[in-house]
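Presented below is the structure to which this report refers.
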Amino acid sequence: MDKRAIGVFDSGLGGITAVRQLKQLMPHENIIYFGDTSRVPYGTRSRETIQKYAAQDIRFLLSQDVKIIIAACGTVSANPPSETIETLEIDFTGVLLPAAQTACSATKNRRIGIIATPATIRSGAYGKAIRSILHNPVIIGKACPLFVPLVENGYIGRDNPVTQLVAKEYLEVMKAERVDTLILGCTHYPLIEELIADIMGPEVALVSPGAEAAKYVQALLTNKGMLNEEDTAGECRYFVSDDIASFAETAGIFLQDDLSGQVEKIQIETY
Ligand code: DGL
């Protein structure tokens, strides 16, 4: 039994897709979330910058005495700060492998689509992970840089005409290529999962990397006897590096929770 919190980070709102699944699977766990909202997006930046930011995010979570860290960010998972990760004395996971494994189990025609940030697509990391699991897959990758700012600005409604227009154009290639499984390879994208599902149709399986990472963490903590076995509901604390109100509002809609009073601001540059 380990009562310490699970640490989760992302460039902004995306990682709450992992938080939602963690809360569902393990309601007694305490969670510390960090969203680097002053430096979002990560996905259009260089590998070096992403690694530098991610190392600071990890150091902040370490200062909160967490028992495991989840990089709930496809971009960081595909461009990990390896030197920092190697020094960690606690477990660390990204979202890439859990998502790739689920996609490989879900596909029937071996045609898997990946939509993600430019830095993730550029890294080729999802494709590499899929090829290590599945023989001879057809992989179609597409960078969708406009999705992150749309999500961060709250354009997440299923019927939002602006997001629909952008999504239709981005997803055209996935429909043309007849993928039967689509990895929403940036953790921001499941916030518009319903809208994406409307375009792709019910026969295409959508994979949420944050949710898959949460399942992986549940299995890991269970195997290691590190679950929080207290009867009380876990506490969730959110930290951001910029405006508290807009984060609380959009995250609150997605988590169906009132986050006012639960979000604090920190200076991430000092970590
Ligand atoms: N949510 C992140 C990801 O999974 C980062 C998006 C961004 O900041 O560009 O890639």
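Identifiers in the structure tokens: chain A, B, ... in order shown; residue index from 1 per chain; ligand index from 1 in order shown.
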
Problem - Test item: residues no farther than 8 Å from ligand 1, counting only C-alpha atoms and all ligand atoms, as a PyMOL selection string - result: chain A and resi 10-15+39-44+72-77+116-117+120+145+148+185-189

Practice task
Using only C-alpha atoms, determine which residues lie at most 6 Å from segment 229-234 of chain A, disregarding the query and same-chain residues fewer than 5 positions distant; provide the list as a list in words.
Solution key: Pro27, His28, Glu29 and Asn30 of chain A

Exercise for the section: Taking the chain letters and numbering used in this document, name the residues of segment 67-225 of chain A that DSSP puts in alpha helix (DSSP H), as a ChimeraX atom specification. Expected result: /A:74-78,82-86,96-106,118-123,125-133,147-152,161-176,193-200,209-223

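Of the residues listed (A:Arg237, A:Arg47, A:Lys168, A:Lys224), A:Arg237 shows the shortest atom-to-atom separation from Gly7 of chain A; distances use only C-alpha atoms.
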
Exercise for the section: Rank A:Val162, A:Ala167, A:Ala100, A:Ile266 by their smallest atom-to-atom distance to Ala125 of chain A, using only C-alpha atoms, and report the top residue only. Expected result: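 Among the listed residues, A:Ala100 lies closest to Ala125 of chain A.
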
Problem - Nearest to Gln21 of chain A, chosen from A:Asn153, A:Ser82, A:Ser208, A:Ser260, with only C-alpha atoms counted in the distances - result: A:Ser208

Handout entry: Selection near Lys265 of chain A, 8 Å with only C-alpha atoms, sequence-local residues under 6 positions removed, as number ranges by chain
Key = A: 239-244

Those same residues, written as a CSV table (one decimal), in the first residue's frame with C-alpha atoms?
chain,number,residue,atom,x,y,z
A,239,PHE,CA,-1.4,22.9,-11.0
A,240,VAL,CA,-1.0,25.1,-14.1
A,241,SER,CA,1.6,27.6,-15.2
A,242,ASP,CA,-0.8,30.2,-16.5
A,243,ASP,CA,-4.5,31.2,-16.2
A,244,ILE,CA,-6.4,29.2,-13.7

Problem - Near-Val19 of chain A list (12 Å; only C-alpha atoms; drop same-chain fewer than 5 positions) as a ChimeraX atom specification - result: /A:5-10,13-14,24-27,29-35,70-72,187,209-215,217,234-238,251-252,254-255

Restricting the output to C-alpha atoms, write the selected residues as an mmCIF file, in the first residue's frame.
data_model
loop_
_atom_site.group_PDB
_atom_site.id
_atom_site.type_symbol
_atom_site.label_atom_id
_atom_site.label_comp_id
_atom_site.auth_asym_id
_atom_site.auth_seq_id
_atom_site.Cartn_x
_atom_site.Cartn_y
_atom_site.Cartn_z
ATOM 1 C CA ALA A 5 -0.221 10.520 -5.220
ATOM 2 C CA ILE A 6 0.009 9.567 -8.871
ATOM 3 C CA GLY A 7 1.727 12.388 -10.772
ATOM 4 C CA VAL A 8 0.395 13.292 -14.217
ATOM 5 C CA PHE A 9 1.578 16.005 -16.593
ATOM 6 C CA ASP A 10 0.899 17.417 -20.021
ATOM 7 C CA LEU A 13 -5.519 20.080 -20.842
ATOM 8 C CA GLY A 14 -4.718 16.829 -22.680
ATOM 9 C CA GLN A 24 -12.786 5.830 -12.733
ATOM 10 C CA LEU A 25 -10.443 2.889 -12.278
ATOM 11 C CA MET A 26 -8.908 3.849 -8.941
ATOM 12 C CA PRO A 27 -11.205 6.245 -7.060
ATOM 13 C CA GLU A 29 -5.928 7.312 -5.510
ATOM 14 C CA ASN A 30 -4.656 10.825 -4.895
ATOM 15 C CA ILE A 31 -3.637 12.597 -8.086
ATOM 16 C CA ILE A 32 -1.367 15.589 -8.694
ATOM 17 C CA TYR A 33 -1.806 17.074 -12.153
ATOM 18 C CA PHE A 34 0.378 19.620 -13.881
ATOM 19 C CA GLY A 35 -0.644 21.345 -17.118
ATOM 20 C CA ILE A 70 2.676 9.596 -16.183
ATOM 21 C CA ALA A 71 3.738 11.740 -19.126
ATOM 22 C CA ALA A 72 0.145 12.033 -20.336
ATOM 23 C CA THR A 187 -3.916 13.438 -25.455
ATOM 24 C CA PRO A 209 -3.581 7.142 -25.178
ATOM 25 C CA GLY A 210 -4.246 8.826 -21.822
ATOM 26 C CA ALA A 211 -6.959 6.317 -20.943
ATOM 27 C CA GLU A 212 -4.765 3.396 -22.026
ATOM 28 C CA ALA A 213 -1.861 4.686 -19.922
ATOM 29 C CA ALA A 214 -4.202 4.874 -16.918
ATOM 30 C CA LYS A 215 -5.109 1.188 -17.376
ATOM 31 C CA VAL A 217 -0.711 2.218 -14.375
ATOM 32 C CA GLY A 234 -8.832 10.225 -3.483
ATOM 33 C CA GLU A 235 -7.932 13.887 -3.623
ATOM 34 C CA CYS A 236 -7.070 15.535 -6.914
ATOM 35 C CA ARG A 237 -4.933 18.674 -7.064
ATOM 36 C CA TYR A 238 -4.333 20.563 -10.286
ATOM 37 C CA ALA A 251 -11.223 20.606 -17.555
ATOM 38 C CA GLY A 252 -14.348 20.843 -15.401
ATOM 39 C CA PHE A 254 -14.598 17.185 -19.474
ATOM 40 C CA LEU A 255 -14.321 15.747 -15.959
#

Practice task
Run DSSP on the backbone and grab whatever in segment 1-235 of chain A lands in strand (DSSP E or B); send it over as a PyMOL selection string.
Solution key: chain A and resi 6-10+31-35+68-71+91-93+111-116+138-143+181-184+205-207

Take the residues from that selection and write them out as a compact mmCIF listing (two decimals), in the first residue's frame, keeping N, CA and C atoms.
# COMPACT_ATOMS: atom_id res chain seq x y z
N ILE A 6 -0.45 9.85 -7.51
CA ILE A 6 0.01 9.57 -8.87
C ILE A 6 0.25 10.93 -9.53
N GLY A 7 1.41 11.12 -10.10
CA GLY A 7 1.73 12.39 -10.77
C GLY A 7 1.45 12.30 -12.26
N VAL A 8 0.76 13.29 -12.80
CA VAL A 8 0.39 13.29 -14.22
C VAL A 8 0.75 14.65 -14.80
N PHE A 9 1.36 14.68 -15.98
CA PHE A 9 1.58 16.00 -16.59
C PHE A 9 1.34 15.98 -18.10
N ASP A 10 1.09 17.19 -18.59
CA ASP A 10 0.90 17.42 -20.02
C ASP A 10 1.21 18.89 -20.28
N ILE A 31 -4.24 12.25 -6.79
CA ILE A 31 -3.64 12.60 -8.09
C ILE A 31 -3.11 14.03 -8.03
N ILE A 32 -1.90 14.23 -8.52
CA ILE A 32 -1.37 15.59 -8.69
C ILE A 32 -1.20 15.80 -10.19
N TYR A 33 -1.86 16.80 -10.72
CA TYR A 33 -1.81 17.07 -12.15
C TYR A 33 -1.07 18.38 -12.43
N PHE A 34 -0.22 18.36 -13.43
CA PHE A 34 0.38 19.62 -13.88
C PHE A 34 0.13 19.81 -15.37
N GLY A 35 -0.44 20.95 -15.72
CA GLY A 35 -0.64 21.35 -17.12
C GLY A 35 0.18 22.60 -17.39
N ILE A 68 4.51 7.63 -8.78
CA ILE A 68 4.72 7.28 -10.19
C ILE A 68 4.41 8.52 -11.03
N ILE A 69 5.06 8.64 -12.16
CA ILE A 69 4.79 9.79 -13.04
C ILE A 69 4.30 9.28 -14.39
N ILE A 70 3.20 9.89 -14.84
CA ILE A 70 2.68 9.60 -16.18
C ILE A 70 2.88 10.83 -17.06
N ALA A 71 3.67 10.68 -18.12
CA ALA A 71 3.74 11.74 -19.13
C ALA A 71 2.50 11.56 -19.99
N ASP A 91 8.61 4.89 -10.68
CA ASP A 91 8.21 4.46 -12.02
C ASP A 91 7.79 5.65 -12.87
N PHE A 92 7.98 5.49 -14.16
CA PHE A 92 7.62 6.52 -15.12
C PHE A 92 7.02 5.84 -16.34
N THR A 93 5.95 6.39 -16.87
CA THR A 93 5.42 5.86 -18.14
C THR A 93 4.93 6.98 -19.04
N ARG A 111 -4.86 -1.79 -40.76
CA ARG A 111 -4.68 -0.42 -41.26
C ARG A 111 -4.96 0.52 -40.09
N ILE A 112 -3.88 1.08 -39.56
CA ILE A 112 -4.00 1.90 -38.34
C ILE A 112 -3.63 3.34 -38.66
N GLY A 113 -4.50 4.26 -38.27
CA GLY A 113 -4.22 5.69 -38.45
C GLY A 113 -3.71 6.29 -37.15
N ILE A 114 -2.84 7.28 -37.29
CA ILE A 114 -2.36 8.01 -36.12
C ILE A 114 -2.50 9.49 -36.40
N ILE A 115 -3.28 10.17 -35.58
CA ILE A 115 -3.30 11.63 -35.67
C ILE A 115 -2.61 12.14 -34.41
N ALA A 116 -1.74 13.12 -34.57
CA ALA A 116 -0.97 13.60 -33.42
C ALA A 116 -0.35 14.95 -33.76
N VAL A 138 -0.27 -1.45 -42.07
CA VAL A 138 -0.27 -0.23 -42.88
C VAL A 138 -0.55 0.91 -41.91
N ILE A 139 0.39 1.86 -41.84
CA ILE A 139 0.27 2.94 -40.85
C ILE A 139 0.16 4.27 -41.57
N ILE A 140 -0.87 5.02 -41.23
CA ILE A 140 -1.06 6.33 -41.86
C ILE A 140 -1.01 7.39 -40.77
N GLY A 141 -0.01 8.25 -40.85
CA GLY A 141 0.15 9.31 -39.83
C GLY A 141 -0.26 10.66 -40.38
N LYS A 142 -0.83 11.47 -39.52
CA LYS A 142 -1.24 12.82 -39.96
C LYS A 142 -1.08 13.80 -38.80
N ALA A 143 -0.31 14.85 -39.03
CA ALA A 143 -0.18 15.89 -38.00
C ALA A 143 -1.40 16.80 -38.04
N THR A 181 -8.81 1.49 -37.29
CA THR A 181 -8.42 1.88 -35.93
C THR A 181 -7.68 3.19 -36.03
N LEU A 182 -8.04 4.14 -35.18
CA LEU A 182 -7.41 5.46 -35.22
C LEU A 182 -6.90 5.82 -33.82
N ILE A 183 -5.59 6.00 -33.72
CA ILE A 183 -5.02 6.42 -32.44
C ILE A 183 -5.11 7.94 -32.35
N LEU A 184 -5.78 8.43 -31.31
CA LEU A 184 -5.83 9.87 -31.07
C LEU A 184 -4.54 10.20 -30.33
N ALA A 205 -12.45 2.04 -34.66
CA ALA A 205 -12.13 2.07 -33.22
C ALA A 205 -11.20 3.25 -32.94
N LEU A 206 -11.56 4.05 -31.93
CA LEU A 206 -10.72 5.19 -31.55
C LEU A 206 -9.96 4.84 -30.27
N VAL A 207 -8.67 5.12 -30.26
CA VAL A 207 -7.84 4.77 -29.10
C VAL A 207 -7.39 6.05 -28.40

Practice task
Would you please work out which residue, of A:Asn79, A:Thr222, A:Ser246, A:Thr270, is nearest to Gly124 of chain A when using only C-alpha atoms?
Solution key: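 Closest to Gly124 of chain A of all the choices is A:Asn79.
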
Problem - Pick from A:Val166, A:Val179, A:Val173, A:Leu191, whichever lies nearest to Ala106 of chain A using only C-alpha atoms - result: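 Residue with the minimum atom-to-atom distance to Ala106 of chain A: A:Val179.
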
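The spacing separating atom CA of Ser105 of chain A from atom CA of Ile196 of chain A amounts to 20.7 Å.
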